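Coordinates as given in input-v2.pdb (PDB, C-alpha atoms):
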```
ATOM      1  CA  MET A 251       0.000   0.000   0.000
ATOM      2  CA  ASP A 252       1.499   3.402  -0.921
ATOM      3  CA  GLY A 253       1.557   6.500   1.285
ATOM      4  CA  THR A 254      -1.525   8.033  -0.323
ATOM      5  CA  GLU A 255      -3.635   4.949   0.389
ATOM      6  CA  GLU A 256      -2.362   4.822   3.969
ATOM      7  CA  ASP A 257      -3.214   8.476   4.474
ATOM      8  CA  THR A 258      -6.695   7.855   3.093
ATOM      9  CA  VAL A 259      -7.281   4.935   5.439
ATOM     10  CA  GLU A 260      -6.135   7.002   8.437
ATOM     11  CA  SER A 261      -8.311   9.910   7.334
ATOM     12  CA  ASN A 262     -11.353   7.657   6.988
ATOM     13  CA  GLU A 263     -10.696   6.112  10.381
ATOM     14  CA  GLU A 264     -10.463   9.540  11.999
ATOM     15  CA  LYS A 265     -13.592  10.708  10.191
ATOM     16  CA  GLY A 266     -15.379   7.494  11.067
ATOM     17  CA  GLY A 267     -14.458   7.905  14.723
ATOM     18  CA  PHE A 268     -15.816  11.419  14.909
ATOM     19  CA  PHE A 269     -18.840  10.512  12.781
ATOM     20  CA  SER A 270     -19.667   7.817  15.294
ATOM     21  CA  ARG A 271     -19.418  10.338  18.140
ATOM     22  CA  LEU A 272     -21.376  12.895  16.124
ATOM     23  CA  LYS A 273     -24.107  10.387  15.407
ATOM     24  CA  SER A 274     -24.236   9.430  19.084
ATOM     25  CA  GLY A 275     -24.191  13.075  20.152
ATOM     26  CA  LEU A 276     -27.060  13.951  17.832
ATOM     27  CA  GLN A 277     -29.241  11.126  19.127
ATOM     28  CA  LYS A 278     -31.778  13.447  20.765
ATOM     29  CA  THR A 279     -32.027  15.732  17.753
ATOM     30  CA  ARG A 280     -32.168  12.736  15.394
ATOM     31  CA  SER A 281     -35.032  11.247  17.403
ATOM     32  CA  GLY A 282     -37.041  14.448  17.073
ATOM     33  CA  LEU A 283     -36.185  15.458  13.504
ATOM     34  CA  ALA A 284     -35.353  12.333  11.490
ATOM     35  CA  GLY A 285     -37.556  10.149  13.679
ATOM     36  CA  GLY A 286     -40.466  12.524  13.246
ATOM     37  CA  ILE A 287     -39.976  12.737   9.482
ATOM     38  CA  ASP A 288     -39.795   8.953   9.287
ATOM     39  CA  ARG A 289     -43.071   8.613  11.181
ATOM     40  CA  VAL A 290     -44.785  11.105   8.887
ATOM     41  CA  VAL A 291     -43.442   9.563   5.681
ATOM     42  CA  ASN A 292     -44.420   6.061   6.775
ATOM     43  CA  GLY A 293     -47.797   7.223   8.047
ATOM     44  CA  PRO A 294     -51.166   7.030   6.266
ATOM     45  CA  ALA A 295     -51.163  10.562   4.826
ATOM     46  CA  LYS A 296     -50.633  10.758   1.079
ATOM     47  CA  ILE A 297     -48.503  13.446  -0.572
ATOM     48  CA  GLY A 298     -50.614  16.556  -0.181
ATOM     49  CA  PRO A 299     -51.807  19.147   2.377
ATOM     50  CA  GLU A 300     -52.071  16.729   5.315
ATOM     51  CA  LEU A 301     -48.559  15.382   4.799
ATOM     52  CA  TRP A 302     -47.132  18.889   4.379
ATOM     53  CA  GLN A 303     -48.737  20.021   7.620
ATOM     54  CA  GLU A 304     -47.317  17.061   9.518
ATOM     55  CA  LEU A 305     -43.828  17.720   8.121
ATOM     56  CA  GLU A 306     -44.075  21.396   9.084
ATOM     57  CA  GLU A 307     -44.858  20.417  12.668
ATOM     58  CA  VAL A 308     -41.884  18.054  12.816
ATOM     59  CA  LEU A 309     -39.494  20.717  11.493
ATOM     60  CA  LEU A 310     -40.758  23.317  13.954
ATOM     61  CA  MET A 311     -40.558  20.927  16.904
ATOM     62  CA  ALA A 312     -36.909  20.283  15.990
ATOM     63  CA  ASP A 313     -36.210  24.054  16.184
ATOM     64  CA  VAL A 314     -35.520  24.377  12.458
ATOM     65  CA  GLY A 315     -37.439  27.665  12.675
ATOM     66  CA  ILE A 316     -40.233  29.226  10.635
ATOM     67  CA  PRO A 317     -38.145  30.918   7.877
ATOM     68  CA  ALA A 318     -36.105  27.788   7.162
ATOM     69  CA  MET A 319     -39.177  25.573   7.466
ATOM     70  CA  ASN A 320     -41.133  27.732   4.994
ATOM     71  CA  TRP A 321     -38.297  27.579   2.452
ATOM     72  CA  ILE A 322     -37.951  23.811   2.830
ATOM     73  CA  MET A 323     -41.677  23.236   2.385
ATOM     74  CA  GLU A 324     -41.821  25.494  -0.682
ATOM     75  CA  GLU A 325     -38.932  23.594  -2.270
ATOM     76  CA  LEU A 326     -40.528  20.231  -1.476
ATOM     77  CA  LYS A 327     -43.801  21.293  -3.083
ATOM     78  CA  LYS A 328     -41.915  22.574  -6.142
ATOM     79  CA  GLY A 329     -40.159  19.224  -6.321
ATOM     80  CA  VAL A 330     -43.492  17.408  -6.412
ATOM     81  CA  ALA A 331     -44.909  19.830  -8.987
ATOM     82  CA  LYS A 332     -41.874  19.326 -11.243
ATOM     83  CA  SER A 333     -42.003  15.555 -10.729
ATOM     84  CA  LEU A 334     -38.595  15.606  -9.043
ATOM     85  CA  ILE A 335     -40.343  13.811  -6.175
ATOM     86  CA  ARG A 336     -42.495  10.837  -7.121
ATOM     87  CA  ASP A 337     -43.007   9.085  -3.785
ATOM     88  CA  LYS A 338     -42.581   9.504  -0.026
ATOM     89  CA  GLU A 339     -39.063   8.075  -0.089
ATOM     90  CA  GLY A 340     -38.200  10.826  -2.557
ATOM     91  CA  ILE A 341     -39.380  13.397  -0.022
ATOM     92  CA  VAL A 342     -36.830  12.231   2.546
ATOM     93  CA  LYS A 343     -34.007  12.207  -0.007
ATOM     94  CA  TYR A 344     -34.849  15.680  -1.278
ATOM     95  CA  LEU A 345     -35.359  17.009   2.247
ATOM     96  CA  LYS A 346     -31.839  15.898   3.196
ATOM     97  CA  GLU A 347     -30.462  17.652   0.107
ATOM     98  CA  LEU A 348     -32.272  20.851   1.107
ATOM     99  CA  LEU A 349     -30.912  20.721   4.645
ATOM    100  CA  VAL A 350     -27.366  20.329   3.317
ATOM    101  CA  ARG A 351     -27.961  23.219   0.909
ATOM    102  CA  ILE A 352     -29.017  25.544   3.744
ATOM    103  CA  LEU A 353     -25.728  24.879   5.512
ATOM    104  CA  GLU A 354     -23.506  24.855   2.417
ATOM    105  CA  ASP A 355     -24.902  28.111   1.018
ATOM    106  CA  VAL A 356     -23.071  30.060   3.729
ATOM    107  CA  SER A 357     -20.071  27.745   4.089
ATOM    108  CA  VAL A 358     -16.717  29.402   3.386
ATOM    109  CA  GLU A 359     -13.081  28.608   4.088
ATOM    110  CA  GLU A 360     -11.637  29.409   7.499
ATOM    111  CA  ALA A 361     -10.469  33.012   7.565
ATOM    112  CA  SER A 362      -6.784  33.722   8.104
ATOM    113  CA  PRO A 363      -4.249  36.256   6.866
ATOM    114  CA  ALA A 364      -2.178  35.397   3.800
ATOM    115  CA  LYS A 365       0.892  35.328   6.010
ATOM    116  CA  GLY A 366       1.869  36.163   9.547
ATOM    117  CA  LEU A 367      -0.139  36.239  12.753
ATOM    118  CA  CYS A 368      -3.824  35.184  12.798
ATOM    119  CA  VAL A 369      -5.952  36.709  15.565
ATOM    120  CA  VAL A 370      -9.225  35.024  16.522
ATOM    121  CA  LEU A 371     -11.740  36.771  18.790
ATOM    122  CA  MET A 372     -14.075  34.443  20.687
ATOM    123  CA  ILE A 373     -17.393  35.821  21.909
ATOM    124  CA  GLY A 374     -20.501  34.392  23.532
ATOM    125  CA  ILE A 375     -22.442  34.459  26.780
ATOM    126  CA  ASN A 376     -21.214  32.922  30.010
ATOM    127  CA  GLY A 377     -22.021  29.228  30.150
ATOM    128  CA  SER A 378     -21.901  28.667  26.393
ATOM    129  CA  GLY A 379     -18.649  26.725  26.596
ATOM    130  CA  LYS A 380     -16.511  29.554  25.209
ATOM    131  CA  THR A 381     -13.427  29.128  27.400
ATOM    132  CA  THR A 382     -13.420  25.352  26.964
ATOM    133  CA  THR A 383     -13.762  25.815  23.205
ATOM    134  CA  ILE A 384     -10.717  28.098  23.189
ATOM    135  CA  GLY A 385      -8.740  25.428  25.015
ATOM    136  CA  LYS A 386      -9.760  22.785  22.505
ATOM    137  CA  LEU A 387      -8.982  25.024  19.522
ATOM    138  CA  ALA A 388      -5.599  25.897  21.003
ATOM    139  CA  ALA A 389      -4.845  22.189  21.363
ATOM    140  CA  ARG A 390      -5.936  21.590  17.775
ATOM    141  CA  TYR A 391      -3.760  24.331  16.287
ATOM    142  CA  LYS A 392      -0.814  23.387  18.513
ATOM    143  CA  GLY A 393      -1.171  19.826  17.227
ATOM    144  CA  GLU A 394      -0.954  21.181  13.676
ATOM    145  CA  GLY A 395       2.410  22.737  14.499
ATOM    146  CA  GLU A 396       1.353  26.301  15.230
ATOM    147  CA  GLN A 397       2.733  28.470  18.015
ATOM    148  CA  VAL A 398      -0.432  29.513  19.851
ATOM    149  CA  ILE A 399      -1.132  32.171  22.479
ATOM    150  CA  VAL A 400      -4.434  32.441  24.355
ATOM    151  CA  ALA A 401      -5.611  35.625  26.038
ATOM    152  CA  ALA A 402      -7.682  35.468  29.236
ATOM    153  CA  GLY A 403      -9.873  38.437  28.359
ATOM    154  CA  ASP A 404     -12.794  37.495  30.600
ATOM    155  CA  THR A 405     -11.274  39.418  33.494
ATOM    156  CA  PHE A 406     -14.503  39.787  35.464
ATOM    157  CA  ARG A 407     -14.874  36.059  36.078
ATOM    158  CA  ALA A 408     -11.865  34.726  37.951
ATOM    159  CA  ALA A 409     -12.759  31.132  37.158
ATOM    160  CA  ALA A 410     -12.490  31.884  33.423
ATOM    161  CA  THR A 411      -8.832  32.907  33.766
ATOM    162  CA  GLU A 412      -8.040  29.860  35.895
ATOM    163  CA  GLN A 413      -9.842  27.584  33.457
ATOM    164  CA  LEU A 414      -8.017  28.983  30.436
ATOM    165  CA  GLN A 415      -4.669  28.796  32.239
ATOM    166  CA  ALA A 416      -5.363  25.139  33.027
ATOM    167  CA  TRP A 417      -6.056  24.466  29.341
ATOM    168  CA  ALA A 418      -2.869  26.321  28.391
ATOM    169  CA  ASP A 419      -0.821  24.252  30.823
ATOM    170  CA  ARG A 420      -2.441  21.068  29.551
ATOM    171  CA  THR A 421      -1.818  21.804  25.882
ATOM    172  CA  GLY A 422       1.532  23.545  26.188
ATOM    173  CA  VAL A 423       0.534  26.972  24.886
ATOM    174  CA  THR A 424       1.115  30.415  26.391
ATOM    175  CA  CYS A 425      -1.693  32.102  28.323
ATOM    176  CA  VAL A 426      -1.567  35.892  28.738
ATOM    177  CA  SER A 427      -3.571  37.124  31.717
ATOM    178  CA  GLN A 428      -3.799  39.966  34.203
ATOM    179  CA  LYS A 429      -5.428  40.451  37.582
ATOM    180  CA  SER A 430      -9.199  40.274  37.980
ATOM    181  CA  GLY A 431     -11.031  43.417  36.913
ATOM    182  CA  THR A 432      -8.387  44.566  34.429
ATOM    183  CA  ASP A 433      -9.655  46.204  31.251
ATOM    184  CA  PRO A 434     -10.187  43.252  28.817
ATOM    185  CA  SER A 435      -8.813  45.291  25.919
ATOM    186  CA  ALA A 436      -5.513  45.653  27.827
ATOM    187  CA  VAL A 437      -5.210  41.863  28.053
ATOM    188  CA  ALA A 438      -6.007  41.501  24.359
ATOM    189  CA  TYR A 439      -3.422  44.184  23.507
ATOM    190  CA  ASP A 440      -0.713  42.494  25.567
ATOM    191  CA  ALA A 441      -1.464  39.098  24.069
ATOM    192  CA  VAL A 442      -1.371  40.279  20.455
ATOM    193  CA  GLN A 443       1.717  42.411  21.089
ATOM    194  CA  SER A 444       3.420  39.417  22.688
ATOM    195  CA  ALA A 445       2.483  37.256  19.706
ATOM    196  CA  VAL A 446       4.046  39.773  17.324
ATOM    197  CA  VAL A 447       7.278  39.849  19.338
ATOM    198  CA  ARG A 448       7.428  36.039  19.578
ATOM    199  CA  ASN A 449       6.520  35.600  15.912
ATOM    200  CA  ALA A 450       3.610  33.371  16.954
ATOM    201  CA  ASP A 451       1.149  31.938  14.463
ATOM    202  CA  ARG A 452      -2.160  32.444  16.250
ATOM    203  CA  VAL A 453      -3.751  34.320  19.135
ATOM    204  CA  ILE A 454      -7.157  33.289  20.476
ATOM    205  CA  VAL A 455      -8.774  35.950  22.659
ATOM    206  CA  ASP A 456     -11.331  35.044  25.308
ATOM    207  CA  THR A 457     -13.935  37.677  26.254
ATOM    208  CA  ALA A 458     -16.603  38.292  28.861
ATOM    209  CA  GLY A 459     -20.194  37.192  28.310
ATOM    210  CA  ARG A 460     -22.373  39.014  30.824
ATOM    211  CA  LEU A 461     -25.497  39.216  28.671
ATOM    212  CA  GLN A 462     -27.602  40.796  31.415
ATOM    213  CA  THR A 463     -25.686  44.022  30.745
ATOM    214  CA  ASN A 464     -25.567  43.514  26.989
ATOM    215  CA  LYS A 465     -25.179  47.172  25.978
ATOM    216  CA  ASN A 466     -22.061  47.611  28.112
ATOM    217  CA  LEU A 467     -20.796  44.203  27.036
ATOM    218  CA  MET A 468     -21.124  45.007  23.338
ATOM    219  CA  GLU A 469     -19.299  48.313  23.783
ATOM    220  CA  GLU A 470     -16.566  46.475  25.677
ATOM    221  CA  LEU A 471     -16.217  43.895  22.907
ATOM    222  CA  LYS A 472     -16.107  46.602  20.246
ATOM    223  CA  LYS A 473     -13.267  48.242  22.164
ATOM    224  CA  VAL A 474     -11.375  44.938  22.269
ATOM    225  CA  LYS A 475     -11.745  44.644  18.486
ATOM    226  CA  ARG A 476     -10.498  48.199  17.952
ATOM    227  CA  VAL A 477      -7.469  47.699  20.184
ATOM    228  CA  ILE A 478      -6.536  44.440  18.466
ATOM    229  CA  GLY A 479      -6.752  46.185  15.100
ATOM    230  CA  LYS A 480      -4.302  48.851  16.262
ATOM    231  CA  VAL A 481      -1.658  46.208  16.977
ATOM    232  CA  VAL A 482      -2.137  44.146  13.810
ATOM    233  CA  THR A 483      -3.779  45.674  10.748
ATOM    234  CA  GLY A 484      -6.890  43.750   9.750
ATOM    235  CA  ALA A 485      -7.164  41.933  13.082
ATOM    236  CA  PRO A 486      -9.132  40.203  14.401
ATOM    237  CA  HIS A 487      -9.081  38.048  11.298
ATOM    238  CA  GLU A 488     -12.015  36.002  12.536
ATOM    239  CA  THR A 489     -14.711  36.615  15.149
ATOM    240  CA  LEU A 490     -16.300  33.362  16.294
ATOM    241  CA  LEU A 491     -19.512  33.219  18.310
ATOM    242  CA  VAL A 492     -19.890  30.252  20.655
ATOM    243  CA  LEU A 493     -23.491  29.089  21.148
ATOM    244  CA  ASP A 494     -24.999  26.471  23.431
ATOM    245  CA  ALA A 495     -27.107  24.201  21.207
ATOM    246  CA  SER A 496     -29.227  23.066  24.148
ATOM    247  CA  ILE A 497     -31.024  26.415  24.431
ATOM    248  CA  GLY A 498     -32.610  26.112  20.978
ATOM    249  CA  GLN A 499     -34.244  29.273  19.636
ATOM    250  CA  ASN A 500     -32.725  31.386  22.409
ATOM    251  CA  SER A 501     -29.381  30.854  20.681
ATOM    252  CA  LEU A 502     -30.824  32.584  17.604
ATOM    253  CA  SER A 503     -31.662  35.722  19.591
ATOM    254  CA  GLN A 504     -28.150  35.665  21.053
ATOM    255  CA  ALA A 505     -26.645  35.279  17.596
ATOM    256  CA  ARG A 506     -28.657  38.251  16.305
ATOM    257  CA  LEU A 507     -27.495  40.434  19.195
ATOM    258  CA  PHE A 508     -23.809  39.629  18.757
ATOM    259  CA  HIS A 509     -23.921  39.711  14.952
ATOM    260  CA  ASP A 510     -25.665  43.089  14.825
ATOM    261  CA  SER A 511     -23.036  44.596  17.103
ATOM    262  CA  LEU A 512     -19.849  42.836  16.064
ATOM    263  CA  LYS A 513     -20.310  41.165  12.661
ATOM    264  CA  VAL A 514     -19.744  37.506  13.436
ATOM    265  CA  ASP A 515     -17.675  35.510  10.911
ATOM    266  CA  GLY A 516     -18.546  32.030  12.119
ATOM    267  CA  LEU A 517     -20.354  29.972  14.743
ATOM    268  CA  VAL A 518     -19.228  27.283  17.148
ATOM    269  CA  MET A 519     -22.117  25.123  18.359
ATOM    270  CA  THR A 520     -21.365  23.369  21.635
ATOM    271  CA  LYS A 521     -23.218  20.774  23.717
ATOM    272  CA  LEU A 522     -24.948  19.142  20.764
ATOM    273  CA  ASP A 523     -24.579  15.844  22.598
ATOM    274  CA  GLY A 524     -27.017  16.935  25.310
ATOM    275  CA  SER A 525     -29.576  18.656  23.115
ATOM    276  CA  SER A 526     -32.678  17.758  21.141
ATOM    277  CA  LYS A 527     -32.557  21.204  19.507
ATOM    278  CA  GLY A 528     -29.726  20.750  16.998
ATOM    279  CA  GLY A 529     -32.110  21.821  14.246
ATOM    280  CA  VAL A 530     -31.515  25.415  15.288
ATOM    281  CA  LEU A 531     -28.323  25.339  13.179
ATOM    282  CA  PHE A 532     -30.446  25.494  10.046
ATOM    283  CA  ASN A 533     -32.436  28.436  11.362
ATOM    284  CA  ILE A 534     -29.417  30.508  12.431
ATOM    285  CA  THR A 535     -27.350  29.932   9.295
ATOM    286  CA  ARG A 536     -30.254  30.700   6.967
ATOM    287  CA  GLU A 537     -31.416  33.834   8.775
ATOM    288  CA  LEU A 538     -28.047  35.391   9.600
ATOM    289  CA  GLN A 539     -26.041  33.952   6.682
ATOM    290  CA  VAL A 540     -23.250  33.036   9.080
ATOM    291  CA  PRO A 541     -21.531  29.658   8.662
ATOM    292  CA  VAL A 542     -20.995  27.080  11.376
ATOM    293  CA  ARG A 543     -17.230  26.625  11.792
ATOM    294  CA  TYR A 544     -17.024  24.007  14.545
ATOM    295  CA  ILE A 545     -19.363  21.733  16.470
ATOM    296  CA  GLY A 546     -18.867  20.103  19.847
ATOM    297  CA  VAL A 547     -20.341  16.770  20.866
ATOM    298  CA  GLY A 548     -18.488  16.004  24.091
ATOM    299  CA  GLU A 549     -15.881  16.964  26.661
ATOM    300  CA  LYS A 550     -12.753  15.546  24.996
ATOM    301  CA  VAL A 551     -10.409  17.718  22.969
ATOM    302  CA  ASP A 552     -11.213  15.888  19.726
ATOM    303  CA  ASP A 553     -14.961  16.142  20.363
ATOM    304  CA  LEU A 554     -14.715  19.632  18.836
ATOM    305  CA  GLN A 555     -14.300  19.313  15.074
ATOM    306  CA  PRO A 556     -14.609  21.453  11.929
ATOM    307  CA  PHE A 557     -18.195  21.467  10.737
ATOM    308  CA  ASP A 558     -19.083  19.493   7.628
ATOM    309  CA  PRO A 559     -22.695  20.016   6.427
ATOM    310  CA  GLU A 560     -23.020  16.668   4.641
ATOM    311  CA  SER A 561     -21.684  14.691   7.600
ATOM    312  CA  PHE A 562     -23.967  16.599   9.970
ATOM    313  CA  VAL A 563     -27.116  15.865   7.950
ATOM    314  CA  GLU A 564     -26.023  12.276   7.345
ATOM    315  CA  ALA A 565     -25.543  11.788  11.097
ATOM    316  CA  LEU A 566     -29.010  13.223  11.698
ATOM    317  CA  PHE A 567     -30.652  10.626   9.464
ATOM    318  CA  ASP A 568     -28.294   7.652   9.798
ATOM    319  CA  GLU A 569     -29.989   4.711  11.542
TER     320      GLU A 569
END
```
Would it be possible to restate this file's structure as structure tokens?
Amino acid sequence: MDGTEEDTVESNEEKGGFFSRLKSGLQKTRSGLAGGIDRVVNGPAKIGPELWQELEEVLLMADVGIPAMNWIMEELKKGVAKSLIRDKEGIVKYLKELLVRILEDVSVEEASPAKGLCVVLMIGINGSGKTTTIGKLAARYKGEGEQVIVAAGDTFRAAATEQLQAWADRTGVTCVSQKSGTDPSAVAYDAVQSAVVRNADRVIVDTAGRLQTNKNLMEELKKVKRVIGKVVTGAPHETLLVLDASIGQNSLSQARLFHDSLKVDGLVMTKLDGSSKGGVLFNITRELQVPVRYIGVGEKVDDLQPFDPESFVEALFDE
């Protein structure tokens, strides 16, 4: 076997391992979405108004959302009218294609500068899994050979700094922090400046997430972005919003708030393994036109992986 074939086998094994965890993690969402669709398709209703209504209810119960649901139903009806769909099995096949299309329409390559330092700003409310996500991403990039620095910018929550430092120690990356209550933009400045001096490859900046004071929070985050941009032109190169999948439609309102204020480049959906509301991904991506970058289905470092629309939909429907 040559090197290419060996690499392919290893790649498939890695993908298969994560696909298995993804499938397991999406069990609750699969039960509600794919299970509901299966019940409708195998039920007594013929293709027509009654079947459409039952499918609409399933999509809404899975938190796919009204805008995405309306588009899906319109496309399904067009498919029947154009004879692209001839039976109930065809509905499921076409529905899966539509779900993939929703996610792929906004999918773009990971943002990074052509050369030099890449600065990533991580935002999201407290409890979304933001700090843990930073630790996992740092481990991932370090494993790819990058010199990584993380910035403990959530200076109002002491546990956040301790948690990020623990991840840094565990993964062997540098953590820049200051005492509790320090201006978050000062931490971000120091971290990016340090990365420039050390000729590092990537800086990942943690931030506060006190949503109950959202106006002040958004102004604080805007200041962090401005300060970062003064150190490195064009930075941050990517602003990632971390969302807790278990809160369903509430994550959409959070995404709107952050996106309106800060222009989010990508989403990280965490805690999919404990949620029946994974369908909210379709709603958020379609409404905000923001791609999902990573998804998390567990506590281990490799349980956070780059998002692949086809694999996600396949895992939702795979028996």
Handout entry: Reference answer for the PyMOL selection byres ((chain A and resi 319-325) around 8), as a ChimeraX atom specification
Key = /A:302,306,309-310,314-318,326-329,345,348-349
Can you pull out every residue within 12 Å of region 386-393 of chain A, counting all atoms listed in the file, but drop anything in the same chain fewer than 5 positions away, and send it as a PDB file with C-alpha atoms, in the frame of the given file?
```pdb
ATOM      1  CA  CYS A 368      -3.824  35.184  12.798  1.00  0.00           C
ATOM      2  CA  VAL A 370      -9.225  35.024  16.522  1.00  0.00           C
ATOM      3  CA  MET A 372     -14.075  34.443  20.687  1.00  0.00           C
ATOM      4  CA  GLY A 379     -18.649  26.725  26.596  1.00  0.00           C
ATOM      5  CA  LYS A 380     -16.511  29.554  25.209  1.00  0.00           C
ATOM      6  CA  THR A 381     -13.427  29.128  27.400  1.00  0.00           C
ATOM      7  CA  VAL A 398      -0.432  29.513  19.851  1.00  0.00           C
ATOM      8  CA  ILE A 399      -1.132  32.171  22.479  1.00  0.00           C
ATOM      9  CA  VAL A 400      -4.434  32.441  24.355  1.00  0.00           C
ATOM     10  CA  ALA A 401      -5.611  35.625  26.038  1.00  0.00           C
ATOM     11  CA  GLN A 413      -9.842  27.584  33.457  1.00  0.00           C
ATOM     12  CA  LEU A 414      -8.017  28.983  30.436  1.00  0.00           C
ATOM     13  CA  GLN A 415      -4.669  28.796  32.239  1.00  0.00           C
ATOM     14  CA  ALA A 416      -5.363  25.139  33.027  1.00  0.00           C
ATOM     15  CA  TRP A 417      -6.056  24.466  29.341  1.00  0.00           C
ATOM     16  CA  ALA A 418      -2.869  26.321  28.391  1.00  0.00           C
ATOM     17  CA  ASP A 419      -0.821  24.252  30.823  1.00  0.00           C
ATOM     18  CA  ARG A 420      -2.441  21.068  29.551  1.00  0.00           C
ATOM     19  CA  THR A 421      -1.818  21.804  25.882  1.00  0.00           C
ATOM     20  CA  GLY A 422       1.532  23.545  26.188  1.00  0.00           C
ATOM     21  CA  VAL A 423       0.534  26.972  24.886  1.00  0.00           C
ATOM     22  CA  THR A 424       1.115  30.415  26.391  1.00  0.00           C
ATOM     23  CA  CYS A 425      -1.693  32.102  28.323  1.00  0.00           C
ATOM     24  CA  ALA A 450       3.610  33.371  16.954  1.00  0.00           C
ATOM     25  CA  ASP A 451       1.149  31.938  14.463  1.00  0.00           C
ATOM     26  CA  ARG A 452      -2.160  32.444  16.250  1.00  0.00           C
ATOM     27  CA  VAL A 453      -3.751  34.320  19.135  1.00  0.00           C
ATOM     28  CA  ILE A 454      -7.157  33.289  20.476  1.00  0.00           C
ATOM     29  CA  VAL A 455      -8.774  35.950  22.659  1.00  0.00           C
ATOM     30  CA  ASP A 456     -11.331  35.044  25.308  1.00  0.00           C
ATOM     31  CA  LEU A 490     -16.300  33.362  16.294  1.00  0.00           C
ATOM     32  CA  VAL A 518     -19.228  27.283  17.148  1.00  0.00           C
ATOM     33  CA  THR A 520     -21.365  23.369  21.635  1.00  0.00           C
ATOM     34  CA  ARG A 543     -17.230  26.625  11.792  1.00  0.00           C
ATOM     35  CA  TYR A 544     -17.024  24.007  14.545  1.00  0.00           C
ATOM     36  CA  ILE A 545     -19.363  21.733  16.470  1.00  0.00           C
ATOM     37  CA  GLY A 546     -18.867  20.103  19.847  1.00  0.00           C
ATOM     38  CA  GLY A 548     -18.488  16.004  24.091  1.00  0.00           C
ATOM     39  CA  GLU A 549     -15.881  16.964  26.661  1.00  0.00           C
ATOM     40  CA  LYS A 550     -12.753  15.546  24.996  1.00  0.00           C
ATOM     41  CA  VAL A 551     -10.409  17.718  22.969  1.00  0.00           C
ATOM     42  CA  ASP A 552     -11.213  15.888  19.726  1.00  0.00           C
ATOM     43  CA  ASP A 553     -14.961  16.142  20.363  1.00  0.00           C
ATOM     44  CA  LEU A 554     -14.715  19.632  18.836  1.00  0.00           C
ATOM     45  CA  GLN A 555     -14.300  19.313  15.074  1.00  0.00           C
ATOM     46  CA  PRO A 556     -14.609  21.453  11.929  1.00  0.00           C
TER      47      PRO A 556
END
```
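Separating CA of Val447 (chain A) from CA of Gly385 (chain A) is a distance of 22.3 Å.
Interatomic distance, CA of Pro299 (chain A) against CA of Ile341 (chain A): 13.9 Å.
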Practice task
Just the residues within 10 Å of Ser435 (chain A), please, counting only C-alpha atoms, with nothing from its chain fewer than 2 positions along; format it as a PyMOL selection string.
Solution key: chain A and resi 403-405+432-433+437-441+455+457+470-478
Would you export the selected residues with C-alpha atoms as a CSV table (one decimal), keeping the file's coordinate frame, please?
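Written file, out18.csv:
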```csv
chain,number,residue,atom,x,y,z
A,403,GLY,CA,-9.9,38.4,28.4
A,404,ASP,CA,-12.8,37.5,30.6
A,405,THR,CA,-11.3,39.4,33.5
A,432,THR,CA,-8.4,44.6,34.4
A,433,ASP,CA,-9.7,46.2,31.3
A,437,VAL,CA,-5.2,41.9,28.1
A,438,ALA,CA,-6.0,41.5,24.4
A,439,TYR,CA,-3.4,44.2,23.5
A,440,ASP,CA,-0.7,42.5,25.6
A,441,ALA,CA,-1.5,39.1,24.1
A,455,VAL,CA,-8.8,36.0,22.7
A,457,THR,CA,-13.9,37.7,26.3
A,470,GLU,CA,-16.6,46.5,25.7
A,471,LEU,CA,-16.2,43.9,22.9
A,472,LYS,CA,-16.1,46.6,20.2
A,473,LYS,CA,-13.3,48.2,22.2
A,474,VAL,CA,-11.4,44.9,22.3
A,475,LYS,CA,-11.7,44.6,18.5
A,476,ARG,CA,-10.5,48.2,18.0
A,477,VAL,CA,-7.5,47.7,20.2
A,478,ILE,CA,-6.5,44.4,18.5
```
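CA of Val308 (chain A) is found 8.5 Å from CA of Val290 (chain A).
Applied to the shown file, the PyMOL selection byres ((chain A and resi 517) around 9) selects the residues Thr489, Leu490, Leu491, Val492, Leu493, Ala505, Val514, Asp515, Gly516, Val518, Met519, Thr535, Val540, Pro541, Val542, Arg543, Tyr544 and Ile545 of chain A.
Between Gln499 (chain A) and the residues A:Met311, A:Val358, A:Ala445, A:Leu276, the shortest atom-to-atom distance, using only C-alpha atoms, involves A:Met311.
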Practice task
List the residues selected by the PyMOL selection byres ((chain A and resi 482) around 9) in the file shown, writing them as a count of residues only.
Solution key: 13
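With distances taken over all atoms listed in the file, A:Gln539 is the one residue among A:Ser444, A:Gln539, A:Ser333, A:Ser496 lying closest to Lys513 (chain A).
Residue nearest Leu507 (chain A) within the list A:Gly366, A:Gly374, A:Gly267, A:Gly285: A:Gly374 [criterion: smallest interatomic distance, only C-alpha atoms].
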Practice task
Identify the residues around (-26.0, 22.0, 23.2) within a radius of 8 Å, measuring from all atoms listed in the file in the coordinates stated by the file, and give them as a list in words.
Solution key: Leu493, Asp494, Ala495, Ser496, Ile497, Met519, Thr520, Lys521, Leu522, Asp523, Gly524, Ser525, Lys527 and Gly528 of chain A
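Proximity to Phe268 (chain A) was assessed for A:Asp568, A:Val547, A:Arg506, A:Val563 counting all atoms listed in the file; the smallest distance is recorded for A:Val547.
Comparing the minimum interatomic distances between Asp558 (chain A) and each of A:Ser357, A:Gln303, A:Gln504, A:Asn466, counting all atoms listed in the file, we find that A:Ser357 sits nearest.
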